[in-house]
Every structure is written in structure tokens, then in C-alpha cells.
file coords-v4.cif (mmCIF, C-alpha atoms)
data_coords
#
loop_
_atom_site.label_atom_id
_atom_site.label_comp_id
_atom_site.auth_asym_id
_atom_site.auth_seq_id
_atom_site.Cartn_x
_atom_site.Cartn_y
_atom_site.Cartn_z
CA MET A 1 12.56 27.32 17.86
CA THR A 2 10.58 26.31 20.96
CA THR A 3 7.70 28.44 19.64
CA LEU A 4 7.03 25.60 17.13
CA LEU A 5 6.08 23.24 19.98
CA HIS A 6 2.68 23.85 21.53
CA PRO A 7 2.95 24.21 25.32
CA THR A 8 0.32 21.51 25.89
CA ALA A 9 2.19 18.89 23.81
CA THR A 10 3.86 16.07 25.77
CA ILE A 11 7.28 15.30 24.30
CA HIS A 12 9.61 12.82 25.98
CA PRO A 13 13.03 14.36 26.61
CA HIS A 14 14.72 11.47 24.75
CA ALA A 15 12.67 12.00 21.57
CA GLU A 16 14.71 13.43 18.67
CA LEU A 17 13.00 16.29 16.83
CA HIS A 18 14.66 18.46 14.21
CA PRO A 19 14.50 22.13 15.27
CA THR A 20 12.08 22.92 12.42
CA VAL A 21 9.47 20.34 13.48
CA GLN A 22 6.08 21.79 14.48
CA VAL A 23 3.98 20.03 17.12
CA GLY A 24 0.32 20.88 17.79
CA ALA A 25 -1.75 21.01 20.94
CA HIS A 26 -1.99 17.91 23.15
CA ALA A 27 0.19 15.78 20.86
CA VAL A 28 2.11 12.98 22.61
CA ILE A 29 5.58 11.95 21.39
CA GLY A 30 7.39 8.99 22.96
CA ALA A 31 11.00 8.45 23.93
CA LYS A 32 12.10 6.45 20.85
CA VAL A 33 10.60 8.74 18.20
CA LYS A 34 12.76 10.55 15.63
CA ILE A 35 11.30 13.29 13.41
CA GLY A 36 13.01 14.96 10.45
CA PRO A 37 13.00 18.60 9.28
CA GLU A 38 9.88 20.63 8.47
CA THR A 39 7.49 17.87 9.51
CA ILE A 40 4.22 19.09 11.02
CA ILE A 41 2.60 17.07 13.81
CA GLY A 42 -1.04 18.08 14.29
CA PRO A 43 -3.10 18.34 17.47
CA ASN A 44 -3.79 15.15 19.46
CA VAL A 45 -1.40 13.03 17.40
CA VAL A 46 0.24 10.11 19.22
CA LEU A 47 3.71 8.97 18.11
CA ASP A 48 5.13 6.06 20.08
CA GLY A 49 7.48 3.09 19.89
CA TRP A 50 10.52 2.97 17.62
CA THR A 51 9.20 5.42 15.03
CA GLU A 52 11.27 7.29 12.45
CA ILE A 53 9.63 10.03 10.39
CA GLY A 54 11.44 11.85 7.57
CA ALA A 55 11.22 15.38 6.20
CA ARG A 56 8.26 17.59 5.24
CA ASN A 57 5.55 15.17 6.33
CA GLN A 58 2.20 16.44 7.55
CA ILE A 59 0.41 14.34 10.15
CA PHE A 60 -3.14 15.51 10.82
CA PRO A 61 -5.12 15.55 14.07
CA GLY A 62 -5.80 12.31 15.90
CA ALA A 63 -3.40 10.04 14.01
CA ALA A 64 -1.71 7.30 16.07
CA ILE A 65 1.62 5.99 14.72
CA GLY A 66 3.97 3.40 16.19
CA VAL A 67 1.38 2.08 18.62
CA GLU A 68 1.22 -1.60 19.58
CA PRO A 69 -0.46 -3.88 17.02
CA GLN A 70 -4.05 -5.01 17.48
CA ASP A 71 -2.93 -8.51 18.34
CA PRO A 72 -3.52 -10.35 21.64
CA SER A 73 0.00 -11.83 21.46
CA THR A 74 1.61 -8.38 21.38
CA THR A 75 5.06 -8.21 22.95
CA SER A 76 7.52 -5.42 23.59
CA ALA A 77 9.63 -6.48 20.59
CA HIS A 78 11.98 -3.90 19.08
CA SER A 79 10.10 -3.27 15.83
CA LEU A 80 10.22 -0.14 13.71
CA VAL A 81 7.73 2.14 11.99
CA LYS A 82 9.60 4.02 9.27
CA ILE A 83 8.05 6.87 7.25
CA GLY A 84 9.85 8.64 4.40
CA ASP A 85 9.46 12.20 3.11
CA ASP A 86 6.63 14.43 1.86
CA ASN A 87 3.74 12.25 3.02
CA GLN A 88 0.28 13.39 4.11
CA ILE A 89 -1.24 11.24 6.84
CA ARG A 90 -4.75 12.44 7.46
CA GLU A 91 -7.06 12.45 10.46
CA TYR A 92 -7.27 9.36 12.70
CA VAL A 93 -4.99 7.15 10.63
CA THR A 94 -3.53 4.33 12.77
CA ILE A 95 -0.19 2.71 11.92
CA SER A 96 0.91 -0.22 14.07
CA ARG A 97 4.38 -1.43 14.85
CA SER A 98 5.00 -5.19 14.70
CA ASN A 99 5.11 -7.71 17.53
CA HIS A 100 8.08 -9.40 15.81
CA ALA A 101 11.57 -8.14 16.60
CA ASP A 102 13.32 -6.20 13.84
CA GLU A 103 10.26 -6.17 11.57
CA VAL A 104 9.40 -2.87 9.86
CA THR A 105 6.08 -1.25 9.07
CA SER A 106 7.03 1.21 6.35
CA ILE A 107 5.77 4.08 4.20
CA GLY A 108 7.90 5.54 1.40
CA ASP A 109 7.71 9.05 -0.07
CA ARG A 110 4.94 11.36 -1.38
CA ASN A 111 2.01 9.19 -0.30
CA LEU A 112 -1.48 10.30 0.70
CA LEU A 113 -3.28 8.30 3.38
CA MET A 114 -6.75 9.75 3.86
CA ALA A 115 -8.78 9.69 7.08
CA TYR A 116 -9.54 6.59 9.16
CA ILE A 117 -7.10 4.22 7.46
CA HIS A 118 -5.70 1.39 9.56
CA MET A 119 -2.29 0.05 8.58
CA ALA A 120 -1.48 -3.15 10.48
CA GLN A 121 1.88 -4.53 11.52
CA GLY A 122 4.47 -5.29 8.87
CA CYS A 123 2.70 -3.44 6.04
CA MET A 124 4.72 -1.74 3.32
CA ILE A 125 3.54 1.18 1.20
CA GLU A 126 6.01 2.28 -1.48
CA ASN A 127 5.89 5.73 -3.16
CA GLN A 128 3.17 8.05 -4.51
CA VAL A 129 0.36 5.79 -3.34
CA VAL A 130 -3.11 7.20 -2.65
CA ILE A 131 -5.38 5.35 -0.21
CA ALA A 132 -8.81 6.90 0.30
CA ASN A 133 -10.87 7.06 3.49
CA ALA A 134 -11.72 4.11 5.74
CA VAL A 135 -9.52 1.37 4.27
CA ILE A 136 -8.14 -1.43 6.44
CA LEU A 137 -4.78 -2.93 5.47
CA GLY A 138 -4.27 -6.28 7.17
CA GLU A 139 -0.86 -7.30 8.41
CA HIS A 140 2.00 -7.56 5.90
CA VAL A 141 0.03 -6.01 3.03
CA HIS A 142 2.43 -4.65 0.39
CA VAL A 143 1.26 -1.78 -1.86
CA GLU A 144 3.57 -0.92 -4.75
CA SER A 145 4.22 2.58 -6.07
CA ARG A 146 1.50 4.76 -7.62
CA ALA A 147 -1.37 2.45 -6.73
CA PHE A 148 -4.73 4.13 -6.05
CA ILE A 149 -7.02 2.40 -3.54
CA SER A 150 -10.50 3.88 -3.27
CA GLY A 151 -12.37 4.27 0.00
CA ILE A 152 -14.25 1.96 2.35
CA GLY A 153 -12.65 -1.43 1.96
CA GLU A 154 -10.43 -4.13 3.34
CA ILE A 155 -7.26 -5.75 2.06
CA HIS A 156 -6.60 -9.22 3.45
CA PRO A 157 -3.32 -9.89 5.31
CA PHE A 158 -0.33 -10.77 3.10
CA VAL A 159 -1.94 -9.47 -0.11
CA HIS A 160 0.32 -7.66 -2.59
CA VAL A 161 -1.13 -4.79 -4.64
CA GLY A 162 0.88 -4.10 -7.79
CA ARG A 163 2.29 -0.92 -9.26
CA LEU A 164 -0.22 1.53 -10.81
CA VAL A 165 -3.21 -0.57 -9.77
CA MET A 166 -6.60 1.10 -9.41
CA VAL A 167 -9.00 -0.42 -6.84
CA ALA A 168 -12.60 0.79 -7.00
CA PHE A 169 -14.83 1.96 -4.14
CA MET A 170 -16.11 -0.49 -1.46
CA HIS A 171 -13.77 -3.40 -2.02
CA GLN A 172 -12.72 -6.59 -0.29
CA ILE A 173 -9.39 -7.73 -1.67
CA THR A 174 -8.36 -11.27 -0.73
CA ARG A 175 -5.77 -12.05 -3.42
CA ASP A 176 -2.82 -10.33 -5.08
CA ILE A 177 -3.61 -7.73 -7.74
CA PRO A 178 -1.15 -7.74 -10.67
CA PRO A 179 0.47 -4.42 -11.63
CA TYR A 180 -1.34 -2.03 -14.01
CA MET A 181 -4.81 -3.56 -13.48
CA LEU A 182 -8.18 -2.07 -12.54
CA VAL A 183 -10.16 -4.01 -9.92
CA GLU A 184 -13.77 -3.54 -8.88
CA GLY A 185 -16.90 -5.37 -7.78
CA GLN A 186 -18.03 -7.71 -5.03
CA PRO A 187 -16.31 -10.10 -5.03
CA ALA A 188 -13.30 -8.24 -6.41
CA ARG A 189 -12.43 -8.98 -10.04
CA VAL A 190 -9.83 -7.62 -12.46
CA ARG A 191 -11.94 -5.69 -14.99
CA SER A 192 -9.40 -4.15 -17.36
CA LEU A 193 -5.98 -2.65 -17.78
CA ASN A 194 -5.71 0.64 -15.85
CA ARG A 195 -5.20 2.69 -19.01
CA VAL A 196 -6.09 6.02 -17.39
CA GLY A 197 -3.55 5.44 -14.63
CA LEU A 198 -0.89 4.45 -17.13
CA LYS A 199 -1.44 7.63 -19.15
CA ARG A 200 -1.38 9.77 -16.04
CA ALA A 201 1.94 8.14 -15.19
CA GLY A 202 3.35 9.50 -18.44
CA LEU A 203 2.93 6.51 -20.74
CA ALA A 204 1.10 8.48 -23.42
CA SER A 205 3.81 9.18 -25.99
CA GLU A 206 4.02 7.14 -29.17
CA LYS A 207 6.87 5.05 -27.75
CA GLU A 208 5.17 4.57 -24.41
CA GLY A 209 1.88 3.91 -26.18
CA GLN A 210 3.54 0.76 -27.50
CA VAL A 211 4.21 -0.18 -23.87
CA ILE A 212 0.51 0.20 -23.09
CA GLN A 213 -0.36 -1.94 -26.10
CA THR A 214 2.00 -4.67 -24.91
CA LEU A 215 0.49 -4.56 -21.42
CA ARG A 216 -2.99 -4.72 -22.96
CA THR A 217 -1.97 -7.87 -24.83
CA ALA A 218 -0.63 -9.34 -21.57
CA PHE A 219 -3.93 -8.52 -19.86
CA ARG A 220 -5.90 -10.30 -22.58
CA LEU A 221 -3.66 -13.36 -22.33
CA LEU A 222 -4.18 -13.48 -18.58
CA TYR A 223 -7.87 -12.66 -18.33
CA ARG A 224 -9.56 -13.19 -21.70
CA SER A 225 -7.80 -16.07 -23.44
CA GLY A 226 -8.95 -19.09 -21.47
CA PHE A 227 -5.32 -20.16 -21.02
CA SER A 228 -3.99 -21.42 -17.70
CA LEU A 229 -1.64 -19.10 -15.85
CA GLU A 230 1.42 -21.07 -16.98
CA GLN A 231 0.27 -21.01 -20.61
CA SER A 232 -0.37 -17.26 -20.36
CA LEU A 233 3.07 -16.67 -18.85
CA GLU A 234 4.73 -18.60 -21.68
CA LYS A 235 2.99 -16.41 -24.27
CA ILE A 236 3.71 -13.21 -22.32
CA ASP A 237 7.40 -14.18 -22.32
CA SER A 238 7.37 -13.85 -26.11
CA LEU A 239 6.03 -10.26 -26.11
CA PRO A 240 8.37 -7.31 -26.83
CA ASP A 241 10.43 -6.56 -23.74
CA ASN A 242 10.03 -3.41 -21.67
CA GLU A 243 10.57 -2.64 -17.98
CA HIS A 244 6.84 -2.61 -17.19
CA LEU A 245 6.20 -5.98 -18.78
CA LEU A 246 9.20 -7.42 -16.92
CA HIS A 247 7.80 -6.11 -13.64
CA LEU A 248 4.43 -7.71 -14.41
CA GLN A 249 6.07 -11.06 -15.25
CA GLN A 250 8.09 -11.06 -12.04
CA PHE A 251 5.02 -10.16 -9.97
CA LEU A 252 2.94 -12.96 -11.53
CA ARG A 253 5.60 -15.57 -10.83
CA ARG A 254 6.23 -14.41 -7.27
CA SER A 255 2.50 -14.55 -6.53
CA GLN A 256 2.62 -18.34 -6.96
CA VAL A 257 5.20 -19.04 -4.25
CA GLU A 258 4.25 -20.53 -0.91
CA GLY A 259 2.85 -17.97 1.51
CA ARG A 260 1.38 -15.69 -1.18
CA ARG A 261 -2.35 -15.32 -1.74
CA GLY A 262 -2.56 -16.11 -5.46
CA LEU A 263 -4.06 -13.76 -8.06
CA THR A 264 -7.37 -11.91 -8.18
CA PRO A 265 -9.57 -13.53 -10.88
CA GLY A 266 -10.96 -11.77 -13.94
CA LYS A 267 -14.56 -10.83 -14.69
CA ASN A 268 -15.34 -13.64 -17.18
CA LEU A 269 -16.35 -16.17 -14.57
CA GLY A 270 -17.21 -19.29 -16.58
CA ARG A 271 -16.28 -22.29 -14.44
CA LEU A 272 -14.98 -19.92 -11.78
CA GLU A 273 -18.42 -19.66 -10.17
CA ALA A 274 -18.33 -23.36 -9.35
CA ALA A 275 -14.65 -23.49 -8.50
CA THR A 276 -13.33 -23.73 -4.96
CA ASP A 277 -10.68 -21.36 -3.65
CA ASP A 278 -8.09 -24.03 -4.40
CA THR A 279 -9.06 -24.43 -8.05
CA VAL A 280 -9.56 -20.81 -9.14
CA GLN A 281 -8.05 -20.11 -12.54
CA LEU A 282 -7.61 -16.88 -14.44
CA TYR A 283 -9.75 -16.29 -17.53
#
call {"tool": "encode", "arguments": {"input": "coords-v4.cif", "output": "C-alpha cells"}}
result
Amino acid sequence: MTTLLHPTATIHPHAELHPTVQVGAHAVIGAKVKIGPETIIGPNVVLDGWTEIGARNQIFPGAAIGVEPQDPSTTSAHSLVKIGDDNQIREYVTISRSNHADEVTSIGDRNLLMAYIHMAQGCMIENQVVIANAVILGEHVHVESRAFISGIGEIHPFVHVGRLVMVAFMHQITRDIPPYMLVEGQPARVRSLNRVGLKRAGLASEKEGQVIQTLRTAFRLLYRSGFSLEQSLEKIDSLPDNEHLLHLQQFLRRSQVEGRRGLTPGKNLGRLEAATDDTVQLY
């Protein structure tokens, strides 16, 4: 199996590589790295720190994973970068470990991270997420499953991006994006329900079409009604129950707790143009 390891690669003798792992030319793999079966490590990749990588991942040339965070207070804390299975991590992606002990920077399964993405310490990407080229994820950003984030943009630290969200090209996201929404513009605004994404996720049958209709009603209550968030939540609570609506309700309520960024506003600005960051309302 040694033929799978390029002779110019530098692999620490304490690193744990499954026998089926392939390692390209001039890659560097540190002592605390663990790599699962059938994962391919491309040329000039750097894997360092406490990094665990699952099965059948493909990591393209120049990526740097498990490196110290871009933080002047960086310490040698025991923090983990954990990557699941079947991910594609494209050229020159950087994924930082944390400077806080026992904190995890994590990626789930079947994700695509395109070239030149930076993923800061403590970030979490769930499953089947696509992030296009040249996106910066600030520290502790959380991206839920099946979100699609278009290229050239920045997501502010501690922002949460909901399930099946679509974020348009050239974005600056400073607040949480509720699940199932489409966001675009400068500054970023929720424009509509992400109906195309919902249908691609399999919600196109007659039964699931009712789910989309319920989510569309929830969107209108949040972003078109003129109600306050609490009033909107009360009316959403009376809509027919389904798992997607429940997830949206839970996300909206969690976004209001201390330490969260609040919610991205809608496109009908009204008084919003004159409002301060502390008085932004959704409508």
C-alpha cells in the first residue's frame, strides 16, 4: 500500500492513515492527524493539529486544514477539526482549529467547499452544503444542512445560516438567515422563500406541496405582514404542523437569545431604512 503515498510527502510517523489513503506530492501531515479509508489527499496539502478526517473525502491541492486560527491570542489548546465522509474540499481552502480547549471546528458529510474558502475556528457545517468560491466564514458560523452559499462573500462571526437557505452571489451576511429562505442584495435581505431549493430537496409531491404552502404562509407572516416578530410567531404557531415548520419556529426563537445575531431583515424596508441596528424589525 506504500505506493499510494508519494515519496515526496512528509508524513509524521505518529499520524494514523488507513492503508487505502492516497497522499500526493509534497503534502505535509502532522503527528495528531487521523485519516479514514479511501480519502485522497492532493499535492501540497497541509494537515496539522488534532484533525480527524473520515472516509472517501477528496482534498484538493493547496488546502490547509487543522492549522492555527488567524487570531493573535492563539494558544496550543487541544482543539479538534473533525471532517465526516464523502466531502470535496477544493483548492486552497483553509480550515482553522480553535484556540479554545476542547472546541471543535466541524464539517459533516457530502459537502462541497469550493476554492479559496476560509473556515474560521469553531465553525460548523452540517451535511450536503455547497459553498462556492472565495467565501469567508467568521468564527463560530453555523451552516445547517443543504444550504447553498454563492461565491465571493463574507459571513459574520456567530451567524447561523438555516437549512435549505440560498444565499446569492457577492454577499455580506451579518445576521441569522432563517431556514428555507433566499437572501440577496447589498445589504443582505430575505427576498423570498427558496422554492426551487425546496423542490430540489424533494418537496414537490402533492403532500409536500402543502408543506411548501405552509412555509410560504410563514414567510409572508414574517416578511410581508407588518407584524412584529412575536406577533408573527404567534400566528405561525397556529399553522398546520409539519417537521419543516417546527424547525423554522425553533430557529426563529433561538435567534433571539443572548449571543445570537438576530434575523436578516426582509426587502420591504419601510421604517427599516431609518432604524438603528438595535431597532430593526422584520417586515
call {"tool": "closest_residue", "arguments": {"input": "coords-v4.cif", "among": "A:Pro157, A:Val165, A:Thr20, A:Glu103", "to": "A:Ile131", "atoms": "only C-alpha atoms"}}
result
A:Val165
call {"tool": "resolve_selection", "arguments": {"input": "coords-v4.cif", "expression": "the PyMOL selection byres ((chain A and resi 90) around 7)", "output": "list in words"}}
result
Ile59, Phe60, Gln88, Ile89, Glu91, Tyr92, Val93, Leu113, Met114 and Ala115 of chain A
call {"tool": "residues_around", "arguments": {"input": "coords-v4.cif", "residues": "stretch 231-240 of chain A", "least_positions_apart": "2", "cutoff": "6 Å", "atoms": "only C-alpha atoms", "output": "number ranges by chain"}}
result
A: 218, 221-222, 227-229
call {"tool": "residues_around", "arguments": {"input": "coords-v4.cif", "residues": "A:Asp176", "least_positions_apart": "6", "cutoff": "8 Å", "atoms": "only C-alpha atoms", "output": "CSV table (one decimal) with C-alpha atoms, in the frame of the given file"}}
result
chain,number,residue,atom,x,y,z
A,159,VAL,CA,-1.9,-9.5,-0.1
A,160,HIS,CA,0.3,-7.7,-2.6
A,161,VAL,CA,-1.1,-4.8,-4.6
A,162,GLY,CA,0.9,-4.1,-7.8
A,255,SER,CA,2.5,-14.6,-6.5
A,260,ARG,CA,1.4,-15.7,-1.2
A,261,ARG,CA,-2.4,-15.3,-1.7
A,262,GLY,CA,-2.6,-16.1,-5.5
A,263,LEU,CA,-4.1,-13.8,-8.1
A,264,THR,CA,-7.4,-11.9,-8.2
call {"tool": "closest_residue", "arguments": {"input": "coords-v4.cif", "among": "A:Thr8, A:Tyr223, A:Gly42, A:Ala132", "to": "A:Val23", "atoms": "only C-alpha atoms"}}
result
A:Gly42
call {"tool": "resolve_selection", "arguments": {"input": "coords-v4.cif", "expression": "the PyMOL selection byres ((chain A and resi 245) around 10)", "output": "MDAnalysis selection string"}}
result
chainID A and resid 179:180 211:212 214:215 218 236:237 239:244 246:251
call {"tool": "atom_distance", "arguments": {"input": "coords-v4.cif", "atom1": "atom CA of A:Gly138", "atom2": "atom CA of A:Ser106"}}
result
13.6 Å
call {"tool": "decode", "arguments": {"input": "coords-v4.cif", "residues": "stretch 170-265 of chain A", "atoms": "C-alpha atoms", "output": "compact mmCIF listing (two decimals), in the first residue's frame"}}
result
# COMPACT_ATOMS: atom_id res chain seq x y z
CA MET A 170 -21.40 38.71 -3.55
CA HIS A 171 -22.95 38.80 -0.10
CA GLN A 172 -22.18 40.19 3.33
CA ILE A 173 -24.23 38.33 5.92
CA THR A 174 -24.30 39.92 9.37
CA ARG A 175 -27.43 38.32 10.88
CA ASP A 176 -29.00 34.87 11.09
CA ILE A 177 -30.84 33.61 8.00
CA PRO A 178 -33.99 31.60 8.80
CA PRO A 179 -34.33 28.15 7.19
CA TYR A 180 -35.81 27.82 3.67
CA MET A 181 -35.21 31.48 2.69
CA LEU A 182 -33.49 33.11 -0.29
CA VAL A 183 -31.17 36.02 0.54
CA GLU A 184 -29.58 38.50 -1.84
CA GLY A 185 -28.54 42.13 -2.23
CA GLN A 186 -26.31 44.66 -0.54
CA PRO A 187 -27.10 44.92 2.29
CA ALA A 188 -28.39 41.35 2.51
CA ARG A 189 -32.18 40.97 2.63
CA VAL A 190 -34.52 37.98 2.67
CA ARG A 191 -36.22 38.17 -0.75
CA SER A 192 -38.46 35.11 -0.86
CA LEU A 193 -38.97 31.53 0.14
CA ASN A 194 -36.36 29.29 -1.54
CA ARG A 195 -38.98 27.38 -3.53
CA VAL A 196 -36.50 25.97 -6.06
CA GLY A 197 -34.33 24.60 -3.28
CA LEU A 198 -37.32 23.08 -1.53
CA LYS A 199 -38.44 21.31 -4.71
CA ARG A 200 -34.93 20.04 -5.38
CA ALA A 201 -34.95 18.64 -1.85
CA GLY A 202 -37.94 16.50 -2.80
CA LEU A 203 -40.81 18.64 -1.53
CA ALA A 204 -42.67 18.59 -4.84
CA SER A 205 -45.34 15.93 -4.29
CA GLU A 206 -48.92 16.93 -3.54
CA LYS A 207 -48.43 16.22 0.17
CA GLU A 208 -45.11 18.01 0.32
CA GLY A 209 -46.53 20.82 -1.79
CA GLN A 210 -48.77 21.55 1.19
CA VAL A 211 -45.59 21.86 3.27
CA ILE A 212 -44.26 24.45 0.83
CA GLN A 213 -47.55 26.34 1.01
CA THR A 214 -47.37 26.40 4.80
CA LEU A 215 -43.79 27.67 4.69
CA ARG A 216 -44.84 30.32 2.16
CA THR A 217 -47.53 31.49 4.58
CA ALA A 218 -44.93 31.62 7.37
CA PHE A 219 -42.64 33.68 5.12
CA ARG A 220 -45.42 36.18 4.41
CA LEU A 221 -46.21 36.50 8.12
CA LEU A 222 -42.56 37.18 8.87
CA TYR A 223 -41.63 39.45 5.98
CA ARG A 224 -44.77 40.88 4.38
CA SER A 225 -47.37 41.33 7.11
CA GLY A 226 -46.04 44.28 9.08
CA PHE A 227 -46.35 42.26 12.29
CA SER A 228 -43.64 42.27 14.93
CA LEU A 229 -41.62 39.08 15.27
CA GLU A 230 -43.58 38.00 18.35
CA GLN A 231 -46.90 38.61 16.59
CA SER A 232 -45.68 36.66 13.56
CA LEU A 233 -44.55 33.77 15.74
CA GLU A 234 -47.95 33.61 17.43
CA LYS A 235 -49.69 33.35 14.05
CA ILE A 236 -47.15 30.83 12.73
CA ASP A 237 -47.87 28.67 15.80
CA SER A 238 -51.43 28.26 14.52
CA LEU A 239 -50.39 26.93 11.09
CA PRO A 240 -50.70 23.20 10.26
CA ASP A 241 -47.82 21.33 11.87
CA ASN A 242 -45.02 19.70 9.91
CA GLU A 243 -41.36 18.99 10.68
CA HIS A 244 -40.10 21.84 8.49
CA LEU A 245 -42.35 24.44 10.07
CA LEU A 246 -41.30 23.21 13.53
CA HIS A 247 -37.64 23.60 12.57
CA LEU A 248 -38.32 27.15 11.35
CA GLN A 249 -40.15 28.04 14.59
CA GLN A 250 -37.33 26.70 16.75
CA PHE A 251 -34.71 28.56 14.69
CA LEU A 252 -36.60 31.86 14.95
CA ARG A 253 -36.91 31.60 18.71
CA ARG A 254 -33.29 30.57 19.23
CA SER A 255 -32.12 33.52 17.14
CA GLN A 256 -33.45 35.87 19.83
CA VAL A 257 -31.36 34.54 22.71
CA GLU A 258 -28.37 36.42 24.07
CA GLY A 259 -25.25 35.94 21.98
CA ARG A 260 -27.09 35.42 18.68
CA ARG A 261 -27.05 37.96 15.87
CA GLY A 262 -30.79 38.42 15.31
CA LEU A 263 -32.53 37.87 11.96
CA THR A 264 -31.76 39.16 8.48
CA PRO A 265 -34.45 41.73 7.51
